[in-house]
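Structure file structure-v6.txt with compact mmCIF, C-alpha atoms:
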```txt
# COMPACT_ATOMS: atom_id res chain seq x y z
CA MET A 1 121.82 112.17 77.80
CA ASN A 2 118.71 113.89 79.11
CA ASP A 3 115.81 114.57 76.78
CA HIS A 4 114.48 117.93 77.96
CA ALA A 5 111.57 117.65 75.56
CA ASN A 6 110.28 114.95 77.90
CA ALA A 7 111.43 116.53 81.15
CA VAL A 8 109.03 116.30 84.06
CA ASP A 9 107.18 119.39 85.18
CA ASN A 10 106.75 118.29 88.79
CA VAL A 11 108.77 116.38 91.36
CA LEU A 12 106.59 114.96 94.12
CA TYR A 13 108.61 113.79 97.13
CA LEU A 14 106.96 111.36 99.56
CA HIS A 15 108.82 110.97 102.84
CA GLY A 16 108.98 107.80 104.88
CA PHE A 17 107.20 106.51 107.96
CA ASN A 18 107.71 108.71 111.03
CA SER A 19 109.48 111.33 108.96
CA HIS A 20 108.54 114.77 107.60
CA PRO A 21 108.84 117.04 104.53
CA GLY A 22 111.89 118.76 106.00
CA SER A 23 113.93 115.57 106.27
CA ALA A 24 117.50 115.55 105.00
CA LYS A 25 116.75 113.74 101.73
CA ALA A 26 113.67 115.85 101.06
CA GLU A 27 115.69 119.06 101.54
CA LEU A 28 118.51 117.77 99.34
CA THR A 29 115.98 117.00 96.62
CA ARG A 30 114.35 120.40 96.96
CA ARG A 31 117.70 122.18 96.58
CA ALA A 32 118.55 120.05 93.57
CA CYS A 33 115.22 120.88 91.92
CA GLU A 34 115.85 124.60 92.49
CA GLN A 35 119.02 124.35 90.41
CA ALA A 36 117.86 121.81 87.84
CA ARG A 37 117.26 122.68 84.21
CA PRO A 38 114.53 122.86 83.25
CA ARG A 39 113.39 123.74 86.75
CA PRO A 40 110.50 121.57 87.99
CA ARG A 41 107.92 122.40 90.61
CA PHE A 42 108.88 120.62 93.85
CA ILE A 43 106.18 119.35 96.20
CA ALA A 44 106.74 117.52 99.50
CA PRO A 45 103.51 117.07 101.45
CA ALA A 46 103.35 116.18 105.13
CA LEU A 47 102.18 112.59 105.35
CA SER A 48 100.48 110.98 108.32
CA HIS A 49 102.28 108.16 110.12
CA HIS A 50 99.09 106.14 109.53
CA PRO A 51 99.07 104.53 106.06
CA GLY A 52 95.40 105.28 105.45
CA PRO A 53 95.53 109.09 105.66
CA ALA A 54 99.02 109.07 104.12
CA TRP A 55 97.70 107.34 101.01
CA GLN A 56 94.76 109.72 100.82
CA THR A 57 97.08 112.75 100.98
CA ALA A 58 99.40 111.32 98.32
CA ARG A 59 96.47 110.74 95.95
CA GLU A 60 94.96 114.15 96.58
CA VAL A 61 98.24 115.98 95.95
CA MET A 62 98.98 113.94 92.84
CA SER A 63 95.52 114.76 91.47
CA THR A 64 96.23 118.51 91.68
CA LEU A 65 99.36 118.34 89.52
CA THR A 66 99.31 119.12 85.82
CA GLY A 67 101.93 118.09 83.31
CA ARG A 68 104.45 115.29 83.72
CA THR A 69 105.29 114.20 87.26
CA MET A 70 108.16 112.23 88.76
CA VAL A 71 107.36 110.74 92.15
CA ILE A 72 110.23 110.12 94.56
CA GLY A 73 109.36 107.90 97.51
CA SER A 74 111.60 107.04 100.46
CA SER A 75 110.93 103.86 102.47
CA MET A 76 107.16 103.92 103.22
CA GLY A 77 106.93 106.79 100.76
CA GLY A 78 108.21 104.32 98.20
CA PHE A 79 105.22 102.08 98.87
CA LEU A 80 102.93 105.06 98.30
CA ALA A 81 104.81 105.95 95.12
CA MET A 82 104.24 102.44 93.78
CA GLY A 83 100.56 102.91 94.48
CA LEU A 84 100.46 106.20 92.57
CA ALA A 85 102.20 104.53 89.63
CA ARG A 86 99.30 102.08 89.57
CA THR A 87 96.44 104.56 89.94
CA HIS A 88 97.70 107.75 88.27
CA ASP A 89 99.56 108.84 85.16
CA VAL A 90 103.05 109.03 86.65
CA ALA A 91 105.86 109.73 84.19
CA ARG A 92 108.76 108.51 86.31
CA VAL A 93 109.24 106.93 89.75
CA VAL A 94 112.30 106.92 92.01
CA LEU A 95 112.26 104.60 95.02
CA ILE A 96 114.75 105.00 97.86
CA ASN A 97 115.05 101.84 99.96
CA PRO A 98 111.32 101.25 99.41
CA ALA A 99 109.09 99.36 101.82
CA VAL A 100 107.77 96.76 99.37
CA ASP A 101 105.97 94.78 102.11
CA PRO A 102 105.05 97.22 104.91
CA LEU A 103 102.21 94.99 106.09
CA ARG A 104 104.73 92.44 107.37
CA ILE A 105 106.54 95.16 109.29
CA ALA A 106 103.29 96.50 110.78
CA LEU A 107 102.32 93.01 111.94
CA GLU A 108 105.75 92.49 113.50
CA ARG A 109 105.52 95.81 115.36
CA MET A 110 101.85 95.59 116.34
CA GLY A 111 101.27 97.38 119.64
CA ALA A 112 104.51 99.34 119.49
CA GLU A 113 104.31 102.89 120.89
CA ILE A 114 106.33 105.36 118.81
CA GLU A 115 107.23 109.02 119.22
CA HIS A 116 107.02 111.14 116.07
CA VAL A 117 110.48 112.50 115.27
CA GLU A 118 109.22 116.00 114.43
CA THR A 119 106.11 116.63 116.53
CA GLY A 120 106.83 114.48 119.59
CA GLU A 121 103.35 112.98 119.24
CA MET A 122 103.04 109.45 120.61
CA PHE A 123 101.17 106.90 118.51
CA VAL A 124 100.60 103.17 118.58
CA ILE A 125 100.70 100.78 115.65
CA ASP A 126 97.35 98.98 115.83
CA GLU A 127 95.19 96.78 113.63
CA SER A 128 93.94 99.79 111.65
CA TYR A 129 97.47 100.15 110.23
CA ALA A 130 97.39 96.58 109.00
CA ASP A 131 93.87 97.00 107.60
CA ALA A 132 94.88 100.06 105.61
CA LEU A 133 97.95 98.33 104.22
CA ARG A 134 95.93 95.29 103.20
CA GLU A 135 93.64 97.58 101.21
CA GLN A 136 96.61 99.24 99.51
CA GLN A 137 98.53 96.09 98.60
CA ALA A 138 98.27 95.21 94.93
CA GLU A 139 100.33 94.12 91.97
CA VAL A 140 103.25 96.41 91.20
CA VAL A 141 102.95 97.84 87.68
CA ASN A 142 104.93 100.13 85.35
CA THR A 143 108.31 99.06 86.75
CA ASP A 144 109.91 100.13 83.46
CA ARG A 145 109.46 103.69 84.79
CA PHE A 146 111.20 102.91 88.10
CA LEU A 147 114.67 103.85 89.29
CA VAL A 148 115.34 102.02 92.56
CA LEU A 149 118.13 103.09 94.92
CA LEU A 150 119.08 100.47 97.49
CA GLY A 151 121.56 100.11 100.34
CA SER A 152 122.96 96.60 100.66
CA GLU A 153 123.30 97.01 104.44
CA ASP A 154 119.80 98.42 105.02
CA GLU A 155 119.18 97.66 108.70
CA ILE A 156 115.38 97.94 108.43
CA LEU A 157 114.47 96.43 105.04
CA ASP A 158 116.03 93.55 103.12
CA TYR A 159 117.10 95.09 99.82
CA ARG A 160 116.93 91.69 98.12
CA GLN A 161 113.16 91.71 98.52
CA ALA A 162 112.97 94.90 96.45
CA LEU A 163 115.21 93.34 93.79
CA GLU A 164 112.78 90.44 93.53
CA MET A 165 109.49 92.31 93.73
CA LEU A 166 110.44 95.19 91.43
CA GLU A 167 111.75 93.17 88.53
CA GLY A 168 111.98 95.28 85.40
CA SER A 169 113.17 98.37 87.27
CA ARG A 170 116.54 100.05 86.91
CA PHE A 171 118.47 99.32 90.10
CA VAL A 172 121.39 101.13 91.73
CA VAL A 173 122.65 99.01 94.63
CA ASN A 174 124.95 100.92 96.96
CA GLU A 175 127.24 98.40 98.60
CA GLY A 176 127.62 98.91 102.33
CA ASP A 177 125.05 101.71 102.55
CA ASP A 178 122.21 101.68 105.07
CA HIS A 179 118.51 102.58 105.23
CA GLY A 180 119.27 106.30 105.36
CA LEU A 181 121.24 105.94 102.10
CA SER A 182 124.13 108.23 102.95
CA ARG A 183 125.22 108.22 99.29
CA TYR A 184 122.02 109.99 98.25
CA PRO A 185 123.71 113.40 97.66
CA GLU A 186 126.03 111.74 95.14
CA LEU A 187 123.06 110.19 93.37
CA LEU A 188 121.00 113.36 92.92
CA SER A 189 122.15 113.93 89.35
CA THR A 190 121.11 110.36 88.51
CA VAL A 191 117.77 110.86 90.24
CA LEU A 192 116.94 114.06 88.36
CA ALA A 193 118.25 112.70 85.06
CA HIS A 194 115.63 109.96 85.43
CA GLY A 195 113.08 112.75 85.00
CA GLY A 196 114.90 114.41 82.11
CA LEU A 197 116.43 117.10 84.32
CA THR A 198 120.04 118.27 84.50
CA LEU A 199 122.03 119.60 87.44
CA PRO A 200 124.86 122.10 86.90
CA GLU A 201 128.33 120.60 87.12
CA ASP A 202 129.14 122.75 90.14
CA PHE A 203 125.99 121.74 92.04
CA ASN A 204 126.67 121.48 95.76
CA PRO A 205 123.94 119.73 97.76
CA VAL A 206 125.12 121.43 100.95
CA PRO A 207 124.27 125.18 101.06
```
Serialized structure, structure tokens:
Amino acid sequence: MNDHANAVDNVLYLHGFNSHPGSAKAELTRRACEQARPRPRFIAPALSHHPGPAWQTAREVMSTLTGRTMVIGSSMGGFLAMGLARTHDVARVVLINPAVDPLRIALERMGAEIEHVETGEMFVIDESYADALREQQAEVVNTDRFLVLLGSEDEILDYRQALEMLEGSRFVVNEGDDHGLSRYPELLSTVLAHGGLTLPEDFNPVP
């Protein structure tokens, strides 16, 4: 049962690496927040593909919010959400297939040239990515506030690493699901309930 007395006032959505605020999961979350009761303010900033500026944006946006905030982070956005839980007063955190060790991935893909899915901009993963991630890595705290959604067939991240590193969290492991977490629409009521919010029974995530 949701406790609306402790419902969050804000839902801050942090998209993943090489994604954007209009991604499918971000839009699903926005539509859910529009119909939730009580209705929270929904914020989904555009985050740089570089972890340094992305972290700076996440902190700056979080610092402007008043009231109770639930941060939802997908993939690399999950790494940023864990950072905000350490540095700011975050009421609740939802992690969607979070990148718990993005430094390892950056080192493995060093020198890779990537096209941004929205802008078409080409960028290269270089040592500055690794340097920024080294600065951001720290002990994970406040896991009792975490809801972690995982796909057991995540083709990019090993979900078992999140299970180990985020001990103390509430986990929902979706058997057979992948990094995109296709079951996310079915989980929206669970996600919002984590922040004390309720969706109508007839909520349809597809307009």
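Taking only C-alpha atoms into account, Pro51 (chain A) lies nearest to A:Glu135 out of the set A:Glu27, A:Asp158, A:Glu113, A:Glu135.
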ask   = Which residue gives the smallest distance to Thr119 (chain A) among A:Gly195, A:Ala46, A:Met165, A:Ala85, with all atoms listed in the file counted?
value =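 The shortest atom-to-atom distance to Thr119 (chain A) comes from A:Ala46.
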task = Kindly provide, as a list in words, the polymer residues lying within 9 Å of (106.0, 103.0, 83.8), counting all atoms listed in the file and using the coordinates exactly as they appear in the file.
result = Ala85, Arg86, Asp89, Val90, Ala91, Arg92, Val93, Val141, Asn142, Thr143, Asp144, Arg145 and Phe146 of chain A
task = Dig up all the protein and nucleic acid residues within 12 Å of (120.5, 112.7, 87.4) in the file frame, using only C-alpha atoms, and format them as a ChimeraX atom specification.
result = /A:1-3,7,29,32-33,36-37,94,147,184-201,203
task = Give me, please, the distance in Å between CA of Ala162 (chain A) and CA of Asp126 (chain A), quoted to one decimal.
result =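 Computing it gives 25.2 Å between the two atoms.
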message = Between A:Val117, A:Ala106, A:Val206, A:Ala99, which residue has the minimum interatomic distance to His179 (chain A), considering all atoms listed in the file?
response =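 Ranked by minimum distance to His179 (chain A), first place goes to A:Ala99.
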task = Find the residue from A:Gln56, A:Ser19, A:Gln35, A:Gln137 that sits nearest to Ser75 (chain A); use only C-alpha atoms when measuring.
result =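 Among the listed residues, the smallest separation from Ser75 (chain A) belongs to A:Ser19.
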query = In Å, how far is it from CA of Ile114 (chain A) to CA of Gly16 (chain A)?
reply = 14.4 Å
key: Residues within 12 Å of Thr66 (chain A), only C-alpha atoms, excluding chain neighbours under 4 positions, as an MDAnalysis selection string   = chainID A and resid 8:12 40:41 61:62 70 88:91
ask   = Expressed in Å to a single decimal, how great is the separation between CA of Ser152 (chain A) and CA of Asp202 (chain A)?
value =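 Computing it gives 28.9 Å between the two atoms.
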